[in-house]
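Asker: Take this structure, written in structure tokens, and hold onto it; I'll ask about it next.
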Amino acid sequence: MNSTLKKRLVLCVFGVVLSGVAVSFFKSSVFGVDPFQALMSGLDSVIPISYGTLYVIVNAILLLFSLAFDRTRIGLGTLINLSLLGYIVQFGVDVLAALTPSPALPIRILYLAVGVLVACIAGSMYFTANMGVSTYDAIALIITDTWKIGQFRFVRIITDLTCVLLGVILFLLSGQERSGLLAIVGIGTFISAFMMGPMIDFFNRKLFGPMLH
């Protein structure tokens, strides 16, 4: 194994681990999560199994979609993400809940800030490693690059909105109080959609990209 491949593998593994940590902080801030996690939160509210196991099942189903239509999107990073991230999120949320059972507003704001920063670093590490995309990311890529339907930015908006809508519907169907929707769709969701891209690009160019050269 050459040194570049080793670096890519390290970036991939740490990227997935830190992604799980970031989602833990997002969920614990109760300010909203990214679109795919909004869907997962909705499913989690109606399906009585652990979040980690649910994450594996949902991503395994999405993996079948990628395997059927474009296997080139799948790599070691995809499998690491599928098998580890859900359990890391579950563990992180449990730890933060134990540390701050009812976090005050300043703590929630801190959790959101930490979640955004760690998510950007993790995303940059994962993308720089280039060892396969997540099963959710693969959907928009297959629709645009393999099926040649639409432009990626518009297709991704549609898939993101679909995830958020389904997450909200499932959450409401579960009988939860509507005030709890802010934990799924909130300022954290909009930050994920509009602000994290430029920050990830910054870390790509200034930090992790140069590490491979």
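Residues are referred to by chain and number: the chain letter is A, B, ... according to the order shown in the structure tokens, the number counts from 1 in that chain, and ligands are numbered separately from 1 in the order shown.
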Quick one: residues within 12 Å of Ile158 in chain A, only C-alpha atoms, excluding same-chain residues fewer than 4 positions away - as a tab-separated table (two decimals) with N, CA and C atoms, in the first residue's frame?
Answerer:
chain	number	residue	atom	x	y	z
A	35	PRO	N	-30.93	17.31	5.23
A	35	PRO	CA	-32.12	16.66	4.63
A	35	PRO	C	-32.18	15.15	4.80
A	36	PHE	N	-31.08	14.45	4.58
A	36	PHE	CA	-31.14	12.99	4.71
A	36	PHE	C	-31.38	12.58	6.16
A	139	ILE	N	-27.53	8.86	-5.33
A	139	ILE	CA	-28.82	8.94	-6.02
A	139	ILE	C	-28.84	10.09	-7.02
A	140	ALA	N	-28.52	11.30	-6.57
A	140	ALA	CA	-28.53	12.46	-7.46
A	140	ALA	C	-27.47	12.33	-8.56
A	143	ILE	N	-28.84	9.92	-11.23
A	143	ILE	CA	-29.91	10.55	-12.00
A	143	ILE	C	-29.34	11.51	-13.05
A	150	GLY	N	-31.61	16.11	-16.07
A	150	GLY	CA	-31.44	17.32	-15.28
A	150	GLY	C	-30.01	17.63	-14.91
A	151	GLN	N	-29.85	18.76	-14.21
A	151	GLN	CA	-28.56	19.18	-13.70
A	151	GLN	C	-28.45	18.79	-12.22
A	152	PHE	N	-27.25	18.48	-11.79
A	152	PHE	CA	-27.06	17.96	-10.44
A	152	PHE	C	-27.64	18.89	-9.38
A	153	ARG	N	-27.37	20.18	-9.50
A	153	ARG	CA	-27.80	21.11	-8.44
A	153	ARG	C	-29.32	21.10	-8.26
A	154	PHE	N	-30.06	20.97	-9.39
A	154	PHE	CA	-31.52	20.97	-9.31
A	154	PHE	C	-32.04	19.62	-8.82
A	162	THR	N	-37.44	16.26	-0.96
A	162	THR	CA	-38.22	15.03	-0.78
A	162	THR	C	-37.92	14.40	0.57
A	163	CYS	N	-36.64	14.36	0.92
A	163	CYS	CA	-36.25	13.79	2.22
A	163	CYS	C	-36.86	14.57	3.38
A	164	VAL	N	-36.79	15.89	3.30
A	164	VAL	CA	-37.33	16.73	4.37
A	164	VAL	C	-38.84	16.53	4.48
A	165	LEU	N	-39.53	16.52	3.33
A	165	LEU	CA	-40.98	16.36	3.33
A	165	LEU	C	-41.39	15.01	3.92
Asker: Hey, which of A:Lys7, A:Lys27, A:Lys206, A:Arg71 ends up closest to Gly180 in chain A? Count only C-alpha atoms.
Answerer: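 So, comparing all the options, the nearest one is A:Lys27.
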Asker: Might you pull out every residue within 8 Å of range 39-53 of chain A, with only C-alpha atoms counted and same-chain residues fewer than 6 positions away left off, and present them as a VMD selection string?
Answerer: chain A and resid 85 to 90 163 to 171 173 to 174 184
Asker: Would you export the selected residues with C-alpha atoms as a tab-separated table (two decimals), in the first residue's frame, please?
Answerer:
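So the final result, stored in again_14.tsv, reads:
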chain	number	residue	atom	x	y	z
A	85	LEU	CA	-22.07	6.16	10.80
A	86	GLY	CA	-25.46	5.28	12.28
A	87	TYR	CA	-23.98	3.67	15.37
A	88	ILE	CA	-21.57	6.58	15.88
A	89	VAL	CA	-24.52	9.00	15.75
A	90	GLN	CA	-26.49	6.90	18.22
A	163	CYS	CA	-36.25	13.79	2.22
A	164	VAL	CA	-37.33	16.73	4.37
A	165	LEU	CA	-40.98	16.36	3.33
A	166	LEU	CA	-41.03	12.62	4.02
A	167	GLY	CA	-39.27	13.16	7.34
A	168	VAL	CA	-41.87	15.72	8.43
A	169	ILE	CA	-44.79	13.52	7.32
A	170	LEU	CA	-43.44	10.46	9.11
A	171	PHE	CA	-42.76	12.49	12.25
A	173	LEU	CA	-47.77	10.35	11.62
A	174	SER	CA	-45.88	9.02	14.63
A	184	ILE	CA	-35.83	18.01	12.24
Asker: Grab the CA of Ser66 in chain A to CA of Tyr136 in chain A distance for me, in Å with one decimal place.
Answerer: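 Computed distance, CA of Ser66 in chain A to CA of Tyr136 in chain A, equals 9.3 Å.
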Asker: Residues near Asn130 in chain A, anyone? I mean within 9 Å using only C-alpha atoms, not counting same-chain ones fewer than 5 positions away, as a ChimeraX atom specification.
Answerer: /A:8,12,75,77,125
Asker: Leaving out Leu64 in chain A and any residue of its chain fewer than 4 positions from it, which residues lie within 12 Å of it when counting only C-alpha atoms, given as number ranges by chain?
Answerer: A: 57-60, 68-71, 73-74, 135-136, 138-139
Asker: Just write the chosen residues, N, CA and C atoms, as a PDB file, in the first residue's frame.
Answerer:
ATOM      1  N   ILE A  57     -29.972  -0.389   7.627  1.00  0.00           N
ATOM      2  CA  ILE A  57     -31.024  -0.965   6.770  1.00  0.00           C
ATOM      3  C   ILE A  57     -31.387  -0.013   5.634  1.00  0.00           C
ATOM      4  N   VAL A  58     -31.614   1.269   5.954  1.00  0.00           N
ATOM      5  CA  VAL A  58     -32.001   2.243   4.928  1.00  0.00           C
ATOM      6  C   VAL A  58     -30.893   2.389   3.893  1.00  0.00           C
ATOM      7  N   ASN A  59     -29.658   2.476   4.351  1.00  0.00           N
ATOM      8  CA  ASN A  59     -28.550   2.643   3.417  1.00  0.00           C
ATOM      9  C   ASN A  59     -28.276   1.379   2.610  1.00  0.00           C
ATOM     10  N   ALA A  60     -28.579   0.231   3.186  1.00  0.00           N
ATOM     11  CA  ALA A  60     -28.438  -1.016   2.432  1.00  0.00           C
ATOM     12  C   ALA A  60     -29.436  -1.047   1.279  1.00  0.00           C
ATOM     13  N   ALA A  68     -27.595  -1.482  -8.798  1.00  0.00           N
ATOM     14  CA  ALA A  68     -28.412  -1.798  -9.971  1.00  0.00           C
ATOM     15  C   ALA A  68     -28.140  -0.857 -11.140  1.00  0.00           C
ATOM     16  N   PHE A  69     -27.803   0.416 -10.849  1.00  0.00           N
ATOM     17  CA  PHE A  69     -27.735   1.401 -11.927  1.00  0.00           C
ATOM     18  C   PHE A  69     -26.339   1.986 -12.174  1.00  0.00           C
ATOM     19  N   ASP A  70     -25.463   2.013 -11.203  1.00  0.00           N
ATOM     20  CA  ASP A  70     -24.111   2.548 -11.439  1.00  0.00           C
ATOM     21  C   ASP A  70     -23.191   2.159 -10.286  1.00  0.00           C
ATOM     22  N   ARG A  71     -22.515   1.047 -10.441  1.00  0.00           N
ATOM     23  CA  ARG A  71     -21.656   0.539  -9.364  1.00  0.00           C
ATOM     24  C   ARG A  71     -20.377   1.351  -9.186  1.00  0.00           C
ATOM     25  N   ARG A  73     -20.060   4.283  -8.403  1.00  0.00           N
ATOM     26  CA  ARG A  73     -20.185   5.230  -7.293  1.00  0.00           C
ATOM     27  C   ARG A  73     -19.864   4.582  -5.952  1.00  0.00           C
ATOM     28  N   ILE A  74     -19.816   3.270  -5.925  1.00  0.00           N
ATOM     29  CA  ILE A  74     -19.628   2.540  -4.674  1.00  0.00           C
ATOM     30  C   ILE A  74     -18.149   2.223  -4.454  1.00  0.00           C
ATOM     31  N   THR A 135     -24.448   6.370   0.003  1.00  0.00           N
ATOM     32  CA  THR A 135     -25.529   5.836  -0.824  1.00  0.00           C
ATOM     33  C   THR A 135     -26.543   6.918  -1.181  1.00  0.00           C
ATOM     34  N   TYR A 136     -26.745   7.891  -0.297  1.00  0.00           N
ATOM     35  CA  TYR A 136     -27.681   8.977  -0.602  1.00  0.00           C
ATOM     36  C   TYR A 136     -27.107   9.914  -1.656  1.00  0.00           C
ATOM     37  N   ALA A 138     -25.146   9.195  -3.940  1.00  0.00           N
ATOM     38  CA  ALA A 138     -25.100   8.487  -5.218  1.00  0.00           C
ATOM     39  C   ALA A 138     -26.394   8.654  -6.013  1.00  0.00           C
ATOM     40  N   ILE A 139     -27.526   8.855  -5.329  1.00  0.00           N
ATOM     41  CA  ILE A 139     -28.816   8.938  -6.025  1.00  0.00           C
ATOM     42  C   ILE A 139     -28.836  10.088  -7.025  1.00  0.00           C
TER      43      ILE A 139
END
Asker: Quick one: residues within 10 Å of Asp137 in chain A, only C-alpha atoms counted, chain neighbours fewer than 4 positions away excluded, as a ChimeraX atom specification?
Answerer: /A:36,62,73,78,132-133,141-142,156,159
Asker: Filtering to N, CA and C atoms, could you give me those residues as a CSV table (one decimal), in the first residue's frame?
Answerer:
chain,number,residue,atom,x,y,z
A,36,PHE,N,-31.1,14.4,4.6
A,36,PHE,CA,-31.1,13.0,4.7
A,36,PHE,C,-31.4,12.6,6.2
A,62,LEU,N,-30.6,1.7,-0.2
A,62,LEU,CA,-30.1,2.6,-1.2
A,62,LEU,C,-28.9,2.1,-1.9
A,73,ARG,N,-20.1,4.3,-8.4
A,73,ARG,CA,-20.2,5.2,-7.3
A,73,ARG,C,-19.9,4.6,-6.0
A,78,THR,N,-18.0,4.1,0.9
A,78,THR,CA,-19.5,3.8,0.9
A,78,THR,C,-19.8,2.8,2.0
A,132,GLY,N,-15.4,6.5,-2.7
A,132,GLY,CA,-16.8,6.1,-2.8
A,132,GLY,C,-17.7,7.1,-2.1
A,133,VAL,N,-18.8,7.4,-2.7
A,133,VAL,CA,-19.8,8.4,-2.1
A,133,VAL,C,-20.8,7.7,-1.2
A,141,LEU,N,-26.3,11.7,-8.2
A,141,LEU,CA,-25.3,11.6,-9.2
A,141,LEU,C,-25.7,10.6,-10.3
A,142,ILE,N,-26.4,9.5,-9.9
A,142,ILE,CA,-26.8,8.6,-10.9
A,142,ILE,C,-27.9,9.2,-11.8
A,156,ARG,N,-30.4,17.6,-6.9
A,156,ARG,CA,-30.1,17.4,-5.5
A,156,ARG,C,-31.1,18.2,-4.6
A,159,THR,N,-34.2,16.0,-4.4
A,159,THR,CA,-34.0,14.9,-3.5
A,159,THR,C,-33.9,15.3,-2.0
Asker: Between A:Ser102, A:Thr72, A:Asn81, A:Ser124, which is the closest to Pro198 in chain A once you count only C-alpha atoms?
Answerer: A:Ser124
Asker: Based on DSSP run over this structure's backbone, return all residues of range 67-138 of chain A in helix (DSSP H, G or I), as an MDAnalysis selection string.
Answerer: chainID A and resid 67:69 71:73 76:99 105:129 135:138
Asker: Do you know which residues are at most 12 Å from Ile109 in chain A counting only C-alpha atoms, after dropping those on the same chain fewer than 6 positions away, and could you put them as a ChimeraX atom specification?
Answerer: /A:25-32,103,115-116,187-188
Asker: At what distance in Å, to one decimal, does CA of Val185 in chain A lie from CA of Val33 in chain A?
Answerer: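 Here the two named atoms are 6.4 Å from each other.
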Asker: By how many Å are CA of Ser134 in chain A and CA of Met211 in chain A apart?
Answerer: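 Separation between CA of Ser134 in chain A and CA of Met211 in chain A: 22.3 Å.
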